[in-house]
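Novice: Next comes entry21.txt, compact mmCIF, C-alpha atoms:
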# COMPACT_ATOMS: atom_id res chain seq x y z
CA MET O 1 0.00 0.00 0.00
CA THR O 2 1.46 3.38 -0.97
CA THR O 3 1.63 6.06 1.70
CA THR O 4 0.25 9.44 0.61
CA THR O 5 0.95 12.76 2.25
CA ALA O 6 -2.37 12.73 4.08
CA GLU O 7 -1.92 9.13 5.23
CA ALA O 8 1.54 9.89 6.58
CA HIS O 9 0.21 11.94 9.52
CA LEU O 10 -1.03 8.76 11.22
CA ARG O 11 1.11 6.23 13.06
CA VAL O 12 -0.13 3.25 11.06
CA ASN O 13 -1.04 2.52 7.45
CA ARG O 14 -3.45 -0.39 7.27
CA PHE O 15 -6.26 1.51 5.55
CA SER O 16 -6.04 3.29 2.21
CA GLU O 17 -7.50 6.76 1.94
CA THR O 18 -6.91 6.52 -1.82
CA GLY O 19 -9.07 3.40 -1.92
CA ALA O 20 -11.76 5.07 0.17
CA MET O 21 -11.84 8.10 -2.13
CA HIS O 22 -12.25 5.71 -5.06
CA TRP O 23 -15.40 4.32 -3.41
CA VAL O 24 -16.77 7.81 -2.83
CA ARG O 25 -16.27 8.74 -6.48
CA LEU O 26 -17.79 5.46 -7.65
CA GLN O 27 -21.00 6.22 -5.77
CA LEU O 28 -21.23 9.85 -6.87
CA ALA O 29 -20.91 8.76 -10.50
CA TYR O 30 -24.45 7.35 -10.17
CA GLY O 31 -25.79 10.81 -9.30
CA PRO O 32 -28.53 11.25 -6.69
CA ARG O 33 -29.47 7.86 -5.21
CA PRO O 34 -32.78 8.08 -3.34
CA ALA O 35 -34.11 4.79 -1.99
CA GLY O 36 -35.93 2.83 -4.70
CA SER O 37 -34.58 4.91 -7.57
CA PRO O 38 -32.96 3.32 -10.63
CA ALA O 39 -29.62 4.85 -9.60
CA ALA O 40 -29.84 3.32 -6.12
CA ARG O 41 -30.77 -0.03 -7.64
CA LYS O 42 -27.78 0.06 -9.99
CA LEU O 43 -25.45 1.09 -7.18
CA SER O 44 -26.68 -1.69 -4.91
CA ALA O 45 -25.95 -4.23 -7.66
CA ARG O 46 -22.43 -2.84 -8.04
CA LEU O 47 -21.79 -2.94 -4.30
CA HIS O 48 -23.21 -6.46 -4.12
CA SER O 49 -20.78 -7.59 -6.81
CA LEU O 50 -17.79 -6.18 -4.90
CA LEU O 51 -18.59 -6.88 -1.24
CA PRO O 52 -17.23 -10.22 0.04
CA HIS O 53 -19.72 -13.07 0.58
CA SER O 54 -22.54 -10.69 -0.27
CA ARG O 55 -26.28 -11.12 -0.47
CA TYR O 56 -29.35 -8.93 -0.67
CA GLU O 57 -31.67 -8.50 2.30
CA ALA O 58 -35.24 -7.53 1.37
CA VAL O 59 -36.60 -4.31 2.86
CA PRO O 60 -40.30 -3.35 2.68
CA GLY O 61 -41.24 -1.11 -0.23
CA GLY O 62 -39.10 -2.91 -2.78
CA LEU O 63 -35.83 -1.78 -1.20
CA ARG O 64 -32.83 -3.94 -0.36
CA ASN O 65 -29.88 -3.93 1.97
CA VAL O 66 -26.56 -5.28 0.77
CA ILE O 67 -24.97 -7.59 3.33
CA GLY O 68 -21.36 -8.80 3.21
CA VAL O 69 -19.51 -11.09 5.59
CA VAL O 70 -15.87 -11.54 6.58
CA PRO O 71 -15.81 -14.78 8.59
CA GLY O 72 -13.94 -14.74 11.88
CA LYS O 73 -12.62 -17.51 14.08
CA ASP O 74 -16.03 -17.65 15.78
CA ARG O 75 -18.95 -17.67 13.35
CA ARG O 76 -21.46 -17.10 16.18
CA ASP O 77 -19.73 -14.01 17.57
CA VAL O 78 -20.94 -11.20 15.30
CA ILE O 79 -19.99 -7.54 15.01
CA VAL O 80 -22.07 -5.43 12.60
CA VAL O 81 -20.45 -2.52 10.75
CA GLY O 82 -23.06 -0.43 8.94
CA ALA O 83 -23.59 2.55 6.66
CA HIS O 84 -26.41 3.71 4.37
CA TYR O 85 -26.04 3.94 0.61
CA ASP O 86 -29.23 5.86 -0.22
CA THR O 87 -29.42 9.66 -0.40
CA LYS O 88 -32.05 12.16 0.65
CA ASP O 89 -34.65 12.62 -2.09
CA ILE O 90 -33.66 16.18 -3.02
CA PRO O 91 -33.16 16.99 -6.72
CA GLY O 92 -29.44 17.18 -7.45
CA PHE O 93 -28.39 16.01 -3.97
CA LEU O 94 -25.27 13.81 -4.19
CA GLY O 95 -24.80 12.92 -0.53
CA ALA O 96 -21.00 12.74 -0.67
CA ASN O 97 -20.67 12.84 3.10
CA ASP O 98 -24.23 11.88 4.01
CA GLY O 99 -24.10 8.32 2.79
CA ALA O 100 -21.20 7.91 0.39
CA ALA O 101 -18.34 8.50 2.85
CA GLY O 102 -19.53 5.88 5.35
CA THR O 103 -20.21 3.38 2.59
CA ALA O 104 -16.73 4.05 1.16
CA ILE O 105 -14.97 3.29 4.45
CA LEU O 106 -17.08 0.17 4.91
CA MET O 107 -16.21 -1.12 1.44
CA GLU O 108 -12.50 -0.44 1.88
CA LEU O 109 -12.47 -2.22 5.25
CA ALA O 110 -14.50 -5.23 4.10
CA ARG O 111 -12.42 -5.89 0.98
CA HIS O 112 -9.05 -5.83 2.76
CA LEU O 113 -9.71 -7.83 5.92
CA THR O 114 -8.48 -11.40 5.70
CA PRO O 115 -11.07 -14.02 6.69
CA GLY O 116 -10.24 -15.93 9.84
CA THR O 117 -7.73 -13.44 11.23
CA LEU O 118 -10.09 -11.76 13.71
CA HIS O 119 -12.05 -13.53 16.42
CA PRO O 120 -15.51 -12.13 15.61
CA THR O 121 -17.31 -12.59 12.33
CA LEU O 122 -17.84 -9.19 10.74
CA VAL O 123 -21.14 -8.42 9.05
CA PHE O 124 -20.91 -5.39 6.77
CA ALA O 125 -24.41 -3.99 6.30
CA LEU O 126 -25.20 -1.37 3.66
CA PHE O 127 -28.64 -0.04 4.50
CA ASP O 128 -31.24 1.08 1.99
CA GLY O 129 -33.92 3.57 2.98
CA GLU O 130 -32.15 5.33 5.83
CA GLU O 131 -33.60 8.59 4.62
CA SER O 132 -37.33 9.10 5.04
CA PRO O 133 -39.47 9.61 1.90
CA ASP O 134 -39.60 13.17 0.62
CA ASP O 135 -43.30 13.55 1.42
CA THR O 136 -42.91 12.93 5.16
CA PRO O 137 -41.99 15.53 7.82
CA ASP O 138 -38.80 15.27 9.85
CA SER O 139 -40.95 14.68 12.95
CA GLU O 140 -41.88 11.28 11.49
CA PHE O 141 -38.32 10.23 10.66
CA GLU O 142 -38.14 7.42 13.21
CA GLN O 143 -41.36 5.94 11.85
CA THR O 144 -40.74 6.40 8.11
CA GLY O 145 -36.94 6.32 7.84
CA LEU O 146 -34.31 3.80 8.99
CA ARG O 147 -36.08 1.21 6.86
CA GLY O 148 -33.10 -0.96 6.06
CA SER O 149 -31.57 -0.89 9.52
CA LYS O 150 -34.87 -1.94 11.11
CA VAL O 151 -34.74 -5.12 9.05
CA ALA O 152 -31.05 -5.74 9.69
CA ALA O 153 -31.39 -5.14 13.41
CA ARG O 154 -33.98 -7.89 13.68
CA ALA O 155 -31.76 -10.24 11.68
CA TYR O 156 -28.72 -9.51 13.87
CA ARG O 157 -30.41 -8.88 17.20
CA HIS O 158 -27.87 -11.18 18.88
CA ALA O 159 -24.84 -9.26 17.56
CA ARG O 160 -22.28 -8.37 20.22
CA ALA O 161 -21.83 -4.82 18.92
CA MET O 162 -22.80 -2.47 16.11
CA ILE O 163 -20.61 0.28 14.62
CA LEU O 164 -22.33 2.85 12.37
CA LEU O 165 -20.44 5.06 9.91
CA ASP O 166 -22.38 8.13 8.85
CA PHE O 167 -20.98 11.69 8.52
CA VAL O 168 -17.33 10.65 8.51
CA GLY O 169 -15.79 12.36 5.48
CA ASN O 170 -16.02 16.10 6.05
CA ALA O 171 -12.89 18.19 6.56
CA ASN O 172 -11.72 19.13 10.07
CA LEU O 173 -13.50 16.08 11.38
CA ARG O 174 -14.64 16.15 15.01
CA ILE O 175 -16.80 13.28 16.18
CA PRO O 176 -17.92 13.51 19.81
CA ARG O 177 -19.72 10.55 21.35
CA GLU O 178 -23.28 10.58 20.05
CA ALA O 179 -25.32 10.74 23.27
CA SER O 180 -27.04 7.35 22.97
CA SER O 181 -23.88 5.50 21.86
CA ASP O 182 -22.61 2.80 24.20
CA ALA O 183 -20.09 4.42 26.55
CA ASP O 184 -17.82 1.39 26.92
CA LEU O 185 -17.65 0.73 23.19
CA TRP O 186 -16.99 4.41 22.56
CA ALA O 187 -14.12 4.33 25.05
CA GLU O 188 -12.62 1.44 23.07
CA LEU O 189 -13.01 3.48 19.88
CA ARG O 190 -11.21 6.48 21.41
CA ASP O 191 -8.41 4.20 22.61
CA ALA O 192 -8.06 2.90 19.06
CA ALA O 193 -7.99 6.46 17.71
CA ALA O 194 -5.20 7.35 20.13
CA ARG O 195 -3.18 4.32 19.08
CA VAL O 196 -3.29 5.24 15.39
CA GLY O 197 -2.74 8.98 15.92
CA ALA O 198 -6.30 10.15 15.20
CA ALA O 199 -7.33 11.20 18.72
CA SER O 200 -8.15 14.76 17.63
CA ALA O 201 -10.96 13.45 15.43
CA PHE O 202 -12.69 11.93 18.46
CA PRO O 203 -12.69 14.58 21.21
CA PRO O 204 -13.62 13.70 24.81
CA ALA O 205 -17.09 15.21 24.56
CA THR O 206 -20.68 14.10 24.19
CA GLY O 207 -22.87 15.45 21.42
CA LEU O 208 -26.52 15.21 20.52
CA ASP O 209 -28.78 12.17 20.80
CA ILE O 210 -29.35 11.34 17.13
CA LEU O 211 -31.85 9.01 15.53
CA ASP O 212 -29.81 7.04 13.03
CA ASP O 213 -29.27 3.50 11.70
CA HIS O 214 -27.86 2.41 15.07
CA THR O 215 -31.17 3.23 16.77
CA PRO O 216 -33.01 0.00 15.78
CA PHE O 217 -30.03 -2.02 17.06
CA GLU O 218 -30.03 -0.13 20.35
CA ALA O 219 -33.76 -0.77 20.71
CA LEU O 220 -33.02 -4.52 20.60
CA GLY O 221 -30.26 -4.30 23.17
CA VAL O 222 -27.22 -4.38 20.86
CA PRO O 223 -24.39 -2.12 22.17
CA SER O 224 -23.98 0.41 19.38
CA ILE O 225 -22.01 3.51 18.45
CA ASP O 226 -22.73 6.15 15.81
CA LEU O 227 -19.73 7.83 14.18
CA ILE O 228 -21.26 11.09 13.00
CA ASP O 229 -19.97 14.66 12.83
CA PHE O 230 -23.38 16.28 12.89
CA ASP O 231 -21.89 19.77 12.87
CA TYR O 232 -21.82 19.67 9.08
CA PRO O 233 -22.97 22.80 7.22
CA CYS O 234 -23.92 20.92 4.05
CA TYR O 235 -26.40 18.58 5.80
CA HIS O 236 -29.15 17.94 3.22
CA GLN O 237 -27.78 20.77 1.07
CA LEU O 238 -26.60 20.61 -2.54
CA CYS O 239 -23.08 21.53 -1.39
CA ASP O 240 -22.71 17.96 0.02
CA ASP O 241 -20.53 17.04 -2.94
CA LEU O 242 -17.04 15.68 -3.56
CA SER O 243 -15.43 19.01 -2.68
CA HIS O 244 -16.57 18.51 0.91
CA VAL O 245 -14.99 15.07 1.35
CA SER O 246 -11.54 14.93 2.94
CA GLY O 247 -9.25 11.99 2.31
CA LYS O 248 -7.56 12.75 5.63
CA SER O 249 -10.87 12.33 7.47
CA LEU O 250 -11.66 9.08 5.69
CA ASP O 251 -8.21 7.83 6.64
CA GLU O 252 -8.59 8.83 10.30
CA VAL O 253 -11.88 6.99 10.65
CA GLY O 254 -10.81 4.00 8.58
CA GLU O 255 -7.58 3.48 10.53
CA THR O 256 -9.42 3.93 13.84
CA VAL O 257 -12.10 1.36 13.07
CA ARG O 258 -9.47 -0.99 11.63
CA ALA O 259 -7.56 -0.74 14.91
CA LEU O 260 -10.72 -1.20 16.99
CA LEU O 261 -11.95 -4.42 15.38
CA PRO O 262 -9.18 -6.77 16.66
CA ARG O 263 -9.80 -5.54 20.22
CA LEU O 264 -13.51 -6.45 20.23
In structure tokens, what does this structure look like?
Specialist:
Amino acid sequence: MTTTTAEAHLRVNRFSETGAMHWVRLQLAYGPRPAGSPAARKLSARLHSLLPHSRYEAVPGGLRNVIGVVPGKDRRDVIVVGAHYDTKDIPGFLGANDGAAGTAILMELARHLTPGTLHPTLVFALFDGEESPDDTPDSEFEQTGLRGSKVAARAYRHARAMILLDFVGNANLRIPREASSDADLWAELRDAAARVGAASAFPPATGLDILDDHTPFEALGVPSIDLIDFDYPCYHQLCDDLSHVSGKSLDEVGETVRALLPRL
């Protein structure tokens, strides 16, 4: 793996920011990708073809999650790593950070982990329908959104932990602990960030309580954490494009999660 200037600021190099940026660009090439759209359908087929041991998981409304697996030494001990691949149904909205960045890190992790090297079996879940339909108010998000993660949470209700990647690609990344995220698991994440040299991206603070794709897992008792920098000015704005994705941020999160997984 070649070390780039941005990658060199970290202490380790087991995750490729160049690879992650490739996955961001691949998704944006499909244009806006609202749940159920032809673009989302085409993207899901592409991700399915590239994710290891992949399958589709049916979601109500004709949607589908894409599920990949990297077997561990214990097939019954499961850790779920998730992200959503759909975008908000706003004309022209590309969702470079809000969807594509998390999916990019997930894909880069899943494709470069060697089966059987970690103790847990890793389930990589790409959720469809995280965003609520465009004709529903934000007050109904928990009822009308999170469609794919509600299905996946029921399927993996016995998972030992769930790690969600959401707004993880913006520049000057600062991800405090999302208020509902499991405190012990978050402490392990911050320890991993310190080991790889990315501690500044995960400050010792607690942010908002956010409804997100980890919420259905939490409701079923799965210890979960949400990696999300919600202080993002392009949230659901047309400026959420490639110019607002930082390779350095992708690298910080990718290396941190890569360092966390062997410790779980």
Novice: Quick one: of O:Ala104, O:Arg147, O:Arg75, O:Asn170, who's nearest to Val123 (chain O), counting all atoms listed in the file?
Specialist: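 Looking only at the distances to Val123 (chain O), the closest residue turns out to be O:Arg75.
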Novice: Nearest to Arg25 (chain O) among O:Gly148, O:Gly95, O:Gly61, O:Gly254, with distances taken over all atoms listed in the file: which residue is it?
Specialist: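 Counting all atoms listed in the file, the residue closest to Arg25 (chain O) is O:Gly95.
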Novice: Please identify all polymer residues within 12 Å of Arg11 (chain O), counting all atoms listed in the file, omitting same-chain residues fewer than 6 positions from it, and present them as a PyMOL selection string.
Specialist: chain O and resi 3+192-199+251-252+255-256+259
Novice: What gap, in Å, lies between CA of Ala183 (chain O) and CA of Ile225 (chain O)?
Specialist: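 These two atoms are separated by 8.4 Å.
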Novice: Restricting the calculation to only C-alpha atoms, which member of O:Asn97, O:Thr87, O:Thr18, O:Ser243 is positioned closest to Asp166 (chain O)?
Specialist: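 Nearest to Asp166 (chain O): O:Asn97.
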Novice: Kindly indicate which residue among O:Ala187, O:Val12, O:Cys234, O:Leu122 lies nearest to Ala205 (chain O), using all atoms listed in the file for the distances.
Specialist: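 So, comparing all the options, the nearest one is O:Ala187.
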Novice: Counting all atoms listed in the file, figure out which residue out of O:Ala161, O:Leu211, O:Ile67, O:Ile79 gets nearest to Glu131 (chain O).
Specialist: O:Leu211
Novice: So, counting only C-alpha atoms, which residue among O:Gly145, O:Ser200, O:Val151, O:Gly169 is closest to Leu10 (chain O)?
Specialist: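 Looking at the shortest contact to Leu10 (chain O), the residue is O:Ser200.
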Novice: Residues proximal to (-9.7, -6.2, 16.8) were defined as those with any atom within 10 Å of that point in the file's coordinates, counting all atoms listed in the file. Which are they, as an MDAnalysis selection string?
Specialist: chainID O and resid 117:120 192 257:264
Novice: When you look at His158 (chain O) with a cut-off of 10 Å (counting only C-alpha atoms), what residues show up, excluding the ones that are within fewer than 4 positions of it in the same chain? I need them as a ChimeraX atom specification.
Specialist: /O:76-79,153-154,217,220-222
Novice: So the first atom is CA of Leu238 (chain O) and the second is CA of Tyr56 (chain O); what is the distance between them in Å, to one decimal place?
Specialist: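 Answer for the CA of Leu238 (chain O) to CA of Tyr56 (chain O) separation: 29.7 Å.
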Novice: Got a sec: who's within 12 Å of Leu94 (chain O), counting all atoms listed in the file, leaving out chain neighbours fewer than 4 positions off, as a compact mmCIF listing (two decimals) with C-alpha atoms, keeping the file's coordinate frame?
Specialist:
# COMPACT_ATOMS: atom_id res chain seq x y z
CA VAL O 24 -16.77 7.81 -2.83
CA ARG O 25 -16.27 8.74 -6.48
CA LEU O 26 -17.79 5.46 -7.65
CA GLN O 27 -21.00 6.22 -5.77
CA LEU O 28 -21.23 9.85 -6.87
CA ALA O 29 -20.91 8.76 -10.50
CA TYR O 30 -24.45 7.35 -10.17
CA GLY O 31 -25.79 10.81 -9.30
CA PRO O 32 -28.53 11.25 -6.69
CA ARG O 33 -29.47 7.86 -5.21
CA PRO O 34 -32.78 8.08 -3.34
CA ALA O 39 -29.62 4.85 -9.60
CA ALA O 40 -29.84 3.32 -6.12
CA TYR O 85 -26.04 3.94 0.61
CA ASP O 86 -29.23 5.86 -0.22
CA THR O 87 -29.42 9.66 -0.40
CA LYS O 88 -32.05 12.16 0.65
CA ASP O 89 -34.65 12.62 -2.09
CA ILE O 90 -33.66 16.18 -3.02
CA ASP O 98 -24.23 11.88 4.01
CA GLY O 99 -24.10 8.32 2.79
CA ALA O 100 -21.20 7.91 0.39
CA ALA O 101 -18.34 8.50 2.85
CA CYS O 234 -23.92 20.92 4.05
CA TYR O 235 -26.40 18.58 5.80
CA HIS O 236 -29.15 17.94 3.22
CA GLN O 237 -27.78 20.77 1.07
CA LEU O 238 -26.60 20.61 -2.54
CA CYS O 239 -23.08 21.53 -1.39
CA ASP O 240 -22.71 17.96 0.02
CA ASP O 241 -20.53 17.04 -2.94
CA LEU O 242 -17.04 15.68 -3.56
CA SER O 243 -15.43 19.01 -2.68
CA HIS O 244 -16.57 18.51 0.91
CA VAL O 245 -14.99 15.07 1.35
Novice: Work out how far CA of Ala179 (chain O) is from CA of Leu208 (chain O), in Å to one decimal.
Specialist: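 Taking CA of Leu208 (chain O) and CA of Ala179 (chain O), their separation equals 5.4 Å.
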Novice: Draw an axis-aligned box tight on the listed atoms of region 64-74 of chain O, then pad every side by 3 Å and write out centre and edge lengths in Å to one decimal as lines of an AutoDock Vina configuration file.
Specialist:
center_x = -22.7
center_y = -10.8
center_z = 7.7
size_x = 26.2
size_y = 19.7
size_z = 22.1
Novice: Show me, as a list in words, the residues that have an atom within 9 Å of Asn172 (chain O) when counting all atoms listed in the file, minus same-chain residues fewer than 3 positions from it.
Specialist: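 Those residues are Ala201, Ser246, Lys248 and Ser249 of chain O.
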Novice: Would you mind completing region 212-229 of chain O to N, CA and C atoms and writing the output as a compact mmCIF listing (two decimals), in the coordinates of the input?
Specialist:
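Once everything was written out, this is selection-v7.txt:
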# COMPACT_ATOMS: atom_id res chain seq x y z
N ASP O 212 -30.62 7.44 14.18
CA ASP O 212 -29.81 7.04 13.03
C ASP O 212 -29.90 5.52 12.89
N ASP O 213 -29.14 4.94 11.96
CA ASP O 213 -29.27 3.50 11.70
C ASP O 213 -28.79 2.63 12.86
N HIS O 214 -28.18 3.20 13.87
CA HIS O 214 -27.86 2.41 15.07
C HIS O 214 -29.06 2.29 16.00
N THR O 215 -30.04 3.17 15.84
CA THR O 215 -31.17 3.23 16.77
C THR O 215 -31.96 1.92 16.83
N PRO O 216 -32.30 1.28 15.69
CA PRO O 216 -33.01 0.00 15.78
C PRO O 216 -32.19 -1.09 16.48
N PHE O 217 -30.88 -1.05 16.35
CA PHE O 217 -30.03 -2.02 17.06
C PHE O 217 -30.06 -1.75 18.56
N GLU O 218 -29.96 -0.48 18.93
CA GLU O 218 -30.03 -0.13 20.35
C GLU O 218 -31.36 -0.57 20.95
N ALA O 219 -32.44 -0.40 20.20
CA ALA O 219 -33.76 -0.77 20.71
C ALA O 219 -33.86 -2.26 21.03
N LEU O 220 -33.03 -3.07 20.36
CA LEU O 220 -33.02 -4.52 20.60
C LEU O 220 -31.91 -4.95 21.53
N GLY O 221 -31.25 -3.99 22.16
CA GLY O 221 -30.26 -4.30 23.17
C GLY O 221 -28.85 -4.53 22.67
N VAL O 222 -28.57 -4.20 21.40
CA VAL O 222 -27.22 -4.38 20.86
C VAL O 222 -26.38 -3.14 21.19
N PRO O 223 -25.26 -3.28 21.91
CA PRO O 223 -24.39 -2.12 22.17
C PRO O 223 -23.93 -1.51 20.84
N SER O 224 -24.19 -0.22 20.68
CA SER O 224 -23.98 0.41 19.38
C SER O 224 -23.34 1.78 19.54
N ILE O 225 -22.58 2.17 18.51
CA ILE O 225 -22.01 3.51 18.45
C ILE O 225 -22.25 4.11 17.07
N ASP O 226 -22.47 5.42 17.05
CA ASP O 226 -22.73 6.15 15.81
C ASP O 226 -21.60 7.14 15.59
N LEU O 227 -20.80 6.91 14.55
CA LEU O 227 -19.73 7.83 14.18
C LEU O 227 -20.33 8.87 13.25
N ILE O 228 -20.60 10.06 13.79
CA ILE O 228 -21.26 11.09 13.00
C ILE O 228 -20.83 12.47 13.48
N ASP O 229 -20.30 13.26 12.56
CA ASP O 229 -19.97 14.66 12.83
C ASP O 229 -21.16 15.48 12.36
